[in-house]
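Student: The structure is given below, and queries will be raised subsequently.
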There are 4 protein chains.
Amino acid sequence: MRVKAAVLTACNQPLEIRHYPEPPQLAPGEALARVLMAGICGTDVHLWKGELPIPLPLIMGHESVGRLEKLGAGLQLDWRGQSLQVGDRVTWASSIVCGECYYCRAKRQPTRCLQRKAYGISYRADDAPHLRGGYAEKILLRAGSSIFKLPETLPTASVVGAGCALTTAIHGLERCPVSWGDVVIVQGAGPVGLAALAVARQSGAGKIIVVGGPAHRLERARQFGADETLNIADEPDAGARQKWLLEAAGGYGADVVVECVGHPAAVNEGIELCRDGGKFLVLGQYANAGNIEFNPHTITRKQLEVRGSWGFEPRHVDAALRMLSLGGWAELFASQVTHRFTLDQANEALATVKEWRCGKAVLEP
Amino acid sequence: MRVKAAVLTACNQPLEIRHYPEPPQLAPGEALARVLMAGICGTDVHLWKGELPIPLPLIMGHESVGRLEKLGAGLQLDWRGQSLQVGDRVTWASSIVCGECYYCRAKRQPTRCLQRKAYGISYRADDAPHLRGGYAEKILLRAGSSIFKLPETLPTASVVGAGCALTTAIHGLERCPVSWGDVVIVQGAGPVGLAALAVARQSGAGKIIVVGGPAHRLERARQFGADETLNIADEPDAGARQKWLLEAAGGYGADVVVECVGHPAAVNEGIELCRDGGKFLVLGQYANAGNIEFNPHTITRKQLEVRGSWGFEPRHVDAALRMLSLGGWAELFASQVTHRFTLDQANEALATVKEWRCGKAVLEP
Amino acid sequence: MRVKAAVLTACNQPLEIRHYPEPPQLAPGEALARVLMAGICGTDVHLWKGELPIPLPLIMGHESVGRLEKLGAGLQLDWRGQSLQVGDRVTWASSIVCGECYYCRAKRQPTRCLQRKAYGISYRADDAPHLRGGYAEKILLRAGSSIFKLPETLPTASVVGAGCALTTAIHGLERCPVSWGDVVIVQGAGPVGLAALAVARQSGAGKIIVVGGPAHRLERARQFGADETLNIADEPDAGARQKWLLEAAGGYGADVVVECVGHPAAVNEGIELCRDGGKFLVLGQYANAGNIEFNPHTITRKQLEVRGSWGFEPRHVDAALRMLSLGGWAELFASQVTHRFTLDQANEALATVKEWRCGKAVLEP
Amino acid sequence: MRVKAAVLTACNQPLEIRHYPEPPQLAPGEALARVLMAGICGTDVHLWKGELPIPLPLIMGHESVGRLEKLGAGLQLDWRGQSLQVGDRVTWASSIVCGECYYCRAKRQPTRCLQRKAYGISYRADDAPHLRGGYAEKILLRAGSSIFKLPETLPTASVVGAGCALTTAIHGLERCPVSWGDVVIVQGAGPVGLAALAVARQSGAGKIIVVGGPAHRLERARQFGADETLNIADEPDAGARQKWLLEAAGGYGADVVVECVGHPAAVNEGIELCRDGGKFLVLGQYANAGNIEFNPHTITRKQLEVRGSWGFEPRHVDAALRMLSLGGWAELFASQVTHRFTLDQANEALATVKEWRCGKAVLEP
């Protein structure tokens, strides 16, 4: 049995279709899943460009839903303690941590585990057992993976439409919480910005303002519950933009500003949008996009809290699935999936994401 | 009756001795105090250089101890509810806030009060009633000032030796607490650095490392309880310094790093000294000392918390006095007062601070 | 000019109509308001029964909306800094604190101010200026009162319908926050229970279960967003009730349980409804309703957090008004006002509350 | 090879000396240790009396230090990542949790793990491999145990003298932290009380008052840093005791009160010793010692936080060892070990603890 995959063999080059052997039998605790849908994440574009350290060749795809085909010995329960059967529709946390290092144990920061490995990012496709990413017909999940059985009522597109953006936003806003009634500015209207908006909305924010673009994304932001949006193309002058946003935030600035842009320049802009004593969450600087000119006096004078958040833990996947069970979110996130492709169209799918032409593009292998 | 004062009439120029009329009678709630000792704060050097916006001419001096000479009608109790009498030795919070603005009320951030005014900083000496700073024989405290009667056992030099550095550090470490057992790095060994070290020590830090200079200050840091010190002059190479400090902090970095330097470059250096998931307190950037090249990706990747803290509230003066009543601190902070001057020697006193020649220089008007 | 009031002259006796002189002129900072609507709070029933220490005779009424008739010198701005004019419709915090005592200053617990006084509770009606409660045509607000100008779009009935229940719930859930997704059980479906439910809903609770009665109140709870309700009359057996509620909460118990009943017996029942490591907010034990048999081992074994909350601060009134500006709450709380009475019908109004016949009964003097 | 153990075969009966076979070979991850010292914990007396559910026969002993004799395959590192060798002196966390249940995963409350098992408490001695408690010459540690290699400089008696009291206090005060400067009252001067006092001292408490007895324990409390002590025998009247303690705490009560007594009556007494808005930690109600008459109105009126804490996690053992490395604690806790016994004297050792005749009694098998 051969399993088809779209493989990144060299940065900035088209993905290639390759075939890998299906593992003849599973080790204890492993699971083999048929991939039903794999999201094309913005991070995948960064990987493709070579902006993060990865092994090559690589089967990308770290936000996927699959159907269980085989279960290794002893694998009986999902992360929540529900029984697992062949045929179950599942998703899984993209990372596995060691549970033993300084960060896992003493400091309880497992997202900074010294041995953390992520499906679709950390495994070389040429090394057996090869199938460690979502851009493939099948994926082999390691023993110790955090698997979540999906309720029948939850569409596959909701889970992949939420993707790692939602779990990342949930972790970020856990580290930098929005209290009910807070005025929140979200910088950026891509998947992470929408997810941060959704979590802020669910947290009872009093007013949420989204600044970003392009127009079709801001339209979606309003559907997700943004009270006001500012299209950066309509107000290209940074000073005028700041004035408009501060006014929209009540004059002094927002209680919480969430940066979901990725351009480092957004950080200076965002810090000025915080009220004194406010909070600023740096959520979008996942890739190293370079330096800014920064005045640290601002942190002192404005008496700010600036927080960073890296990735997420399995319990944030649990939280994301719980959020998708709350009123309306499943539909909204499913509607994010605007473009569907086959494995053979993987390069077209990547281009759609790269050029910001979609809500969310997915592969259906 | 004429009251003598050392007055800043123009930036970067010698202070001038001037005389102002003593107010003939006090308004309700006011207090007139004979200044016993006034600290020369590093901020005074910044004021003198014109690095912060101030009115001129100005009687500087925002960290003082005095003896009450007159009490306005209705002023009967100090901040703690103790009765006040003429002849009492007192200190006072340097700032008065409005209690009514957005920051005072809705956001409970009184240090960012929109109408905050500080003795020794905000009052023009040529405007009646003139006597609003500590570099003078007497000071007239406004109604609503936060006055603290000093216990007899607490030396004047302890209070001024602690000065606004201790209240600033107490506020800063309230916003960015050290838990018992934490590994702490303090950048800077000036008054704020020593005060941060003292508060971290009182908070039960497991290990405190101070990096700074010159040698006489690091010697003092060890007396204040630093476990290890690094003289920046002994290790001028930033990379080697970082390596040494990370190792001293256990390999991964400190749980809490407190920046008390003032040079913006210290911020980048300090952030790299935090372990992942650690906390960084920007305490030393009180004056605007300019920009740095900064990579915001670091905040995300290291999953940091970066906090700023501005000035302090009256309750932090209360806390500072309580701390001075705990084992050893009164003596240690009193020993900080290494240089004493008369009002006529105010320029020499300022120069001593400017050139880092002292622990703490004070005026005894 | 005589001002009519319904006055409590002796406990457990009918209120009497009395007339007091309107103050001929106002002292600086005072305000005279025509009472438009005054809520009959459950606490008023406790006062009437003599269950809390009060001076007699007393004009009750601590949750009111009025229209400004006269402003004392210097009173120009409301708590939020908006300009105040004769004719403005306003509400006000029921309490004034000293701002100077141990609890106000050092411990920042102003609700426990040693000199706290509340309109409708703490002022003897026979002492000038008499008009210190809402059960009267007019009320004279002291200098230092926290007055809030109401936006034109916010109905008077919304503010009184929310009453002190909402501000109390906001303070309580500030001390014992609900995070988005939490499973919450609210014990009690009276005004405080509904308000706690509303704040939990606004905080993004994942599931809210209300246990109480009678049926018309639970119907209202469902309108306010309760996911499930249990009528205590339908399940009088405590064991069966607990079983049902634990199951509804997912098996292990709720993340947060909010007691809004007032019967001390509810406390033992509520604690058993918390999951291990959960939080229990004692919000309903405002009056001293006596002892229970209690096993403190439960606190240790279940690793609980139990919190109390007393009254509220002016900033919680600000928060309540902000909440009423968010989607739907103004209408829902206005619909709470089910019974309206004149001053002359004050005894009938009290009886309506005493017998749980209403959502909220109000006086329109 | 036969291993000697002192075994609880029936409650309230003398322990019996029995012999069990030494396991011929170890499974992967297991460790066999020679017991150097095993503490007799107050909980052991409760177990002996049958006050907690346990299997019989039982080898008690959950706070021990041993020397590694054999290591199972794959066991190479201790909890902190240090290499383990035969001959190393080690201690270990008494409990193992499943890591998979609702409390371990979703709620991160592993001390409430649904499958938690503790050495010296949960394992039937007649079931192979028998050796699961410290009252024996050897103990067999399960794979997955949290083992800590001890630094050479740390005496065995320090670790056992601190025992589970210190880890319990560290967990408790993590859930209910003491801030520097806080006024703290510790109820009880047994091992848990002393440990709570030590952690409060290390946290920088401003004043610590210990109430308890008998005199030799209060003498020890003063050595551990108590500022004041009250012998309950000297002031048997509860009212007078409360008056004295409130006064010692500054008049309004303590910021934090830690109950370490075990008698449920201490809870009512302790709650009254909290200032309004203060915190009360229920740490001593580990066994179910029955009910009290309790007035829940107190929680509301005093606006309290009451917290419970159950057992501890491996990271608290790590913290305890770190604390023992800080100035003076190792010596103080070693001095707690006042009585040493052989295995054959186990009944005499238990009696010493039961009758409060010792600091800490230990077995040296």
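Ordering of the structure tokens sets the chain letters (A, B, ...); residue numbers start at 1 within each chain; ligands are numbered from 1 in the order shown.
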Near chain A, which residues of chain B fall within 6 Å when you count only C-alpha atoms, and what do they look like as a list in words?

Tutor: Gln285, Asn288, Gly290, Asn291, Ile292, Glu293, Phe294, Asn295, His297, Ile299, Thr300, Arg301, Gln303, Leu304, Glu305, Val306, Arg307, Gly308, Ser309 and Trp310 of chain B

Student: Residues within 8 Å of Pro129 in chain A, please, as a list in words. Count only C-alpha atoms; anything in the same chain fewer than 4 positions from it doesn't count.

Tutor: Pro23, Ala125 and Leu140 of chain A

Student: Can you tell me, as a ChimeraX atom specification, which residues in range 93-336 of chain C count as strand (DSSP E or B) by DSSP?

Tutor: /C:95-96,117-118,136,138-141,147-149,183-187,207-212,228-231,254-259,274-282,292-294,305-308

Student: Please provide the set of residues having any atom within 8 Å of Gln336 in chain B, restricted to only C-alpha atoms, with same-chain residues fewer than 2 positions apart removed, written as a PyMOL selection string.

Tutor: chain B and resi 161-162+332-334+338+359-360

Student: Just N, CA and C atoms for this one: save the residues we selected as a PDB file, in the first residue's frame.

Tutor:
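Heads up, here's the output in part06.pdb:
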```
ATOM      1  N   GLY B 161      17.576  57.762  52.448  1.00  0.00           N
ATOM      2  CA  GLY B 161      18.466  56.808  51.782  1.00  0.00           C
ATOM      3  C   GLY B 161      17.690  55.819  50.930  1.00  0.00           C
ATOM      4  N   ALA B 162      16.505  55.459  51.370  1.00  0.00           N
ATOM      5  CA  ALA B 162      15.634  54.604  50.555  1.00  0.00           C
ATOM      6  C   ALA B 162      15.043  55.438  49.416  1.00  0.00           C
ATOM      7  N   LEU B 332      20.673  49.400  56.518  1.00  0.00           N
ATOM      8  CA  LEU B 332      21.287  49.310  55.191  1.00  0.00           C
ATOM      9  C   LEU B 332      20.970  50.552  54.367  1.00  0.00           C
ATOM     10  N   PHE B 333      19.703  50.978  54.383  1.00  0.00           N
ATOM     11  CA  PHE B 333      19.374  52.144  53.569  1.00  0.00           C
ATOM     12  C   PHE B 333      19.982  53.425  54.156  1.00  0.00           C
ATOM     13  N   ALA B 334      20.087  53.502  55.469  1.00  0.00           N
ATOM     14  CA  ALA B 334      20.749  54.672  56.061  1.00  0.00           C
ATOM     15  C   ALA B 334      22.201  54.734  55.592  1.00  0.00           C
ATOM     16  N   THR B 338      25.809  58.555  51.775  1.00  0.00           N
ATOM     17  CA  THR B 338      27.265  58.624  51.932  1.00  0.00           C
ATOM     18  C   THR B 338      27.782  60.061  51.876  1.00  0.00           C
ATOM     19  N   GLY B 359      26.888  56.773  47.202  1.00  0.00           N
ATOM     20  CA  GLY B 359      25.710  55.945  47.353  1.00  0.00           C
ATOM     21  C   GLY B 359      24.539  56.878  47.083  1.00  0.00           C
ATOM     22  N   LYS B 360      24.273  57.691  48.067  1.00  0.00           N
ATOM     23  CA  LYS B 360      23.201  58.676  47.958  1.00  0.00           C
ATOM     24  C   LYS B 360      23.730  59.980  48.555  1.00  0.00           C
TER      25      LYS B 360
END
```

Student: Return the single residue from B:Val45, B:Val256, B:Ala221, B:Ile232 that is closest to Lys354 in chain B, with distances computed using only C-alpha atoms.

Tutor: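 Selected residue with least distance to Lys354 in chain B: B:Val45.
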
Student: Excluding same-chain residues fewer than 6 positions from range 61-77 of chain D, what lies within 6 Å of it counting only C-alpha atoms, as JSON, numbers by chain?

Tutor: {"D": [26, 27, 28, 29, 30, 31, 32, 33, 34, 35, 36, 37, 38, 39, 83, 84, 86, 87, 88, 89, 90, 91, 94, 119, 120, 133, 134, 135, 163]}

Student: Provide the CA of Lys207 in chain D to CA of Val183 in chain D distance in Å, to one decimal place.

Tutor: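 Answer for the CA of Lys207 in chain D to CA of Val183 in chain D separation: 4.8 Å.
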
Student: Need to verify the contact set: range 203-206 of chain A, 6 Å, only C-alpha atoms, exclusion of same-chain residues closer than 3 positions in sequence. Can you return it as a list in words?

Tutor: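 Result of the neighbour search: Trp180, Gly181, Asp182, Val183 and Ala200 of chain A; Trp180, Gln202, Ser203 and Gly204 of chain C.
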